[in-house]
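**Q** The structure's right below; bear with me while I get my questions together.
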Amino acid sequence: MLTNKDSSQASVQELSENVSVIDGTQFIDIRAKGGYSPRLTYAGANIPTVLRVETTNTFDCSSSLVIPSMKYRTNLAASGVTEIELPSQKAGSKLNGLCSMGMYGFEVRFN
Ligand SMILES: [Cu+2]
């Protein structure tokens with residue numbers, strides 16, 4: 001689903017702008033409305049991580065979020081922030097989120 005153009009936007013060394021580290025926990029902010037943004041995030045490996053998914057009057061299917069690798073599935077509130085704790089991820093691993101229909105998605109790459 002991601003194009004080659006997406007993968008060249010940032011080096012694997014740098015964290016994306018939607019990633020912050022506070023007191024040893026990494027937060028990754030994703031917006032869900034008519035799809036997910038950003039589509040591609042570079043995050044740090046080997047640190048406890050919380051995915052924060054924000055909805056704002058989101059009435060489309062991006063509110064129905066699935067993270068297949070974690071067997072996670074939820075219906076996000078139409079507006080609000082949902083925090084999803086992730087186990088610390090190995091360098092080189094990827095995490096994908098999808099709407100339940102599989103038409104929208106996002107990817108986080110850990111390095
Ligand atoms: Cu969908």
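Scheme for the structure tokens: letters A, B, ... for chains in order shown; per-chain residue numbers from 1; ligand numbers from 1 in order shown.
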Using only C-alpha atoms and all ligand atoms, what are the residues with an atom within 6 Å of ligand 1, set out as a tab-separated table (two decimals) with all heavy atoms, in the first residue's frame?
**A**
chain	number	residue	atom	x	y	z
A	61	CYS	N	-14.77	4.59	8.16
A	61	CYS	CA	-14.30	3.30	8.67
A	61	CYS	C	-12.90	3.35	9.27
A	61	CYS	O	-12.46	2.36	9.86
A	61	CYS	CB	-14.40	2.23	7.60
A	61	CYS	SG	-13.37	2.55	6.18
A	62	SER	N	-12.19	4.48	9.16
A	62	SER	CA	-10.89	4.53	9.84
A	62	SER	C	-11.05	4.50	11.36
A	62	SER	O	-10.08	4.30	12.09
A	62	SER	CB	-10.07	5.75	9.39
A	62	SER	OG	-10.74	6.95	9.62
A	99	CYS	N	-7.77	-0.12	8.69
A	99	CYS	CA	-9.20	-0.11	9.00
A	99	CYS	C	-9.70	-1.54	8.83
A	99	CYS	O	-9.05	-2.37	8.19
A	99	CYS	CB	-9.96	0.87	8.11
A	99	CYS	SG	-10.18	0.33	6.41
A	100	SER	N	-10.85	-1.82	9.42
A	100	SER	CA	-11.30	-3.22	9.44
A	100	SER	C	-11.56	-3.76	8.04
A	100	SER	O	-11.55	-4.96	7.83
A	100	SER	CB	-12.56	-3.35	10.30
A	100	SER	OG	-13.57	-2.53	9.78
A	101	MET	N	-11.77	-2.86	7.06
A	101	MET	CA	-11.99	-3.32	5.70
A	101	MET	C	-10.68	-3.49	4.94
A	101	MET	O	-10.67	-4.01	3.83
A	101	MET	CB	-12.85	-2.31	4.94
A	101	MET	CG	-14.22	-2.10	5.53
A	101	MET	SD	-14.86	-0.48	5.03
A	101	MET	CE	-14.80	-0.66	3.25
A	102	GLY	N	-9.60	-2.98	5.51
A	102	GLY	CA	-8.31	-3.10	4.85
A	102	GLY	C	-8.07	-2.07	3.77
A	102	GLY	O	-7.12	-2.17	3.00
A	103	MET	N	-8.91	-1.04	3.68
A	103	MET	CA	-8.73	-0.05	2.61
A	103	MET	C	-7.80	1.09	3.01
A	103	MET	O	-7.18	1.70	2.17
A	103	MET	CB	-10.08	0.49	2.14
A	103	MET	CG	-10.84	1.23	3.21
A	103	MET	SD	-12.56	1.53	2.79
A	103	MET	CE	-12.40	3.02	1.83
A	104	TYR	N	-7.72	1.39	4.31
A	104	TYR	CA	-6.82	2.43	4.80
A	104	TYR	C	-5.78	1.76	5.69
A	104	TYR	O	-6.09	0.78	6.37
A	104	TYR	CB	-7.56	3.45	5.66
A	104	TYR	CG	-8.61	4.25	4.97
A	104	TYR	CD1	-9.89	4.35	5.51
A	104	TYR	CD2	-8.34	4.94	3.78
A	104	TYR	CE1	-10.87	5.12	4.91
A	104	TYR	CE2	-9.31	5.70	3.17
A	104	TYR	CZ	-10.58	5.79	3.73
A	104	TYR	OH	-11.55	6.53	3.13
**Q** Report the closest atom pair, with its distance in Å rounded to one decimal, for each residue of stretch 68-109 of chain A that has an atom no farther than 6 Å from stretch 31-44 of chain A; count only C-alpha atoms, sort by chain and then rising residue number, and write it as CSV.
**A**
residue,atom,partner,partner_atom,distance
A:Tyr104,CA,A:Gly35,CA,5.2
A:Phe106,CA,A:Arg39,CA,4.4
A:Glu107,CA,A:Leu40,CA,5.0
A:Val108,CA,A:Thr41,CA,4.7
A:Arg109,CA,A:Tyr42,CA,5.0
**Q** Among chain A, which ones does DSSP place in strand (DSSP E), written as a PyMOL selection string?
**A** chain A and resi 19-22+25-32+36-37+40-43+49-55+64-67+72-75+80-86+94-99+105-110
**Q** Could you pull out the alpha helix (DSSP H) residues of stretch 3-105 of chain A from DSSP and send them as a PyMOL selection string?
**A** chain A and resi 4-7
**Q** Using only C-alpha atoms, determine which residues lie at most 10 Å from A:Phe110, disregarding the query and same-chain residues fewer than 5 positions distant; provide the list as a list of chain:residue names.
**A** A:Val12, A:Gln13, A:Leu15, A:Thr41, A:Tyr42, A:Ala43, A:Gly44, A:Ala45, A:Asn46, A:Ile47, A:Ser88, A:Gln89, A:Lys90, A:Ala91, A:Gly92, A:Ser93, A:Lys94, A:Leu95
**Q** Closest to A:Met70 among A:Gly24, A:Gly105, A:Gly97, A:Pro48, using only C-alpha atoms?
**A**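 The shortest atom-to-atom distance to A:Met70 comes from A:Gly97.
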**Q** Using only C-alpha atoms, can you tell me which of A:Val53, A:Val21, A:Leu98, A:Ile30 comes closest to A:Leu76?
**A**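 Among the listed residues, the smallest separation from A:Leu76 belongs to A:Val53.
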**Q** Using only C-alpha atoms, which residue out of A:Asp23, A:Leu65, A:Ile28, A:Thr55 lies closest to A:Ala77?
**A**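 Among A:Asp23, A:Leu65, A:Ile28, A:Thr55, it is A:Thr55 that comes nearest to A:Ala77.
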**Q** May I ask for the distance between atom CA of A:Val19 and atom CA of A:Thr49, given in Å to one decimal place?
**A**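 The value is 9.9 Å.
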**Q** Determine the nearest neighbour of A:Tyr72 from the options A:Asn96, A:Thr58, A:Ser16, A:Thr25, counting only C-alpha atoms.
**A**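 For A:Tyr72, the nearest of the given residues is A:Asn96.
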**Q** Can you work out the spacing between atom CA of A:Pro87 and atom CA of A:Asn111 in Å, to one decimal?
**A**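 Distance between the two atoms: 14.4 Å.
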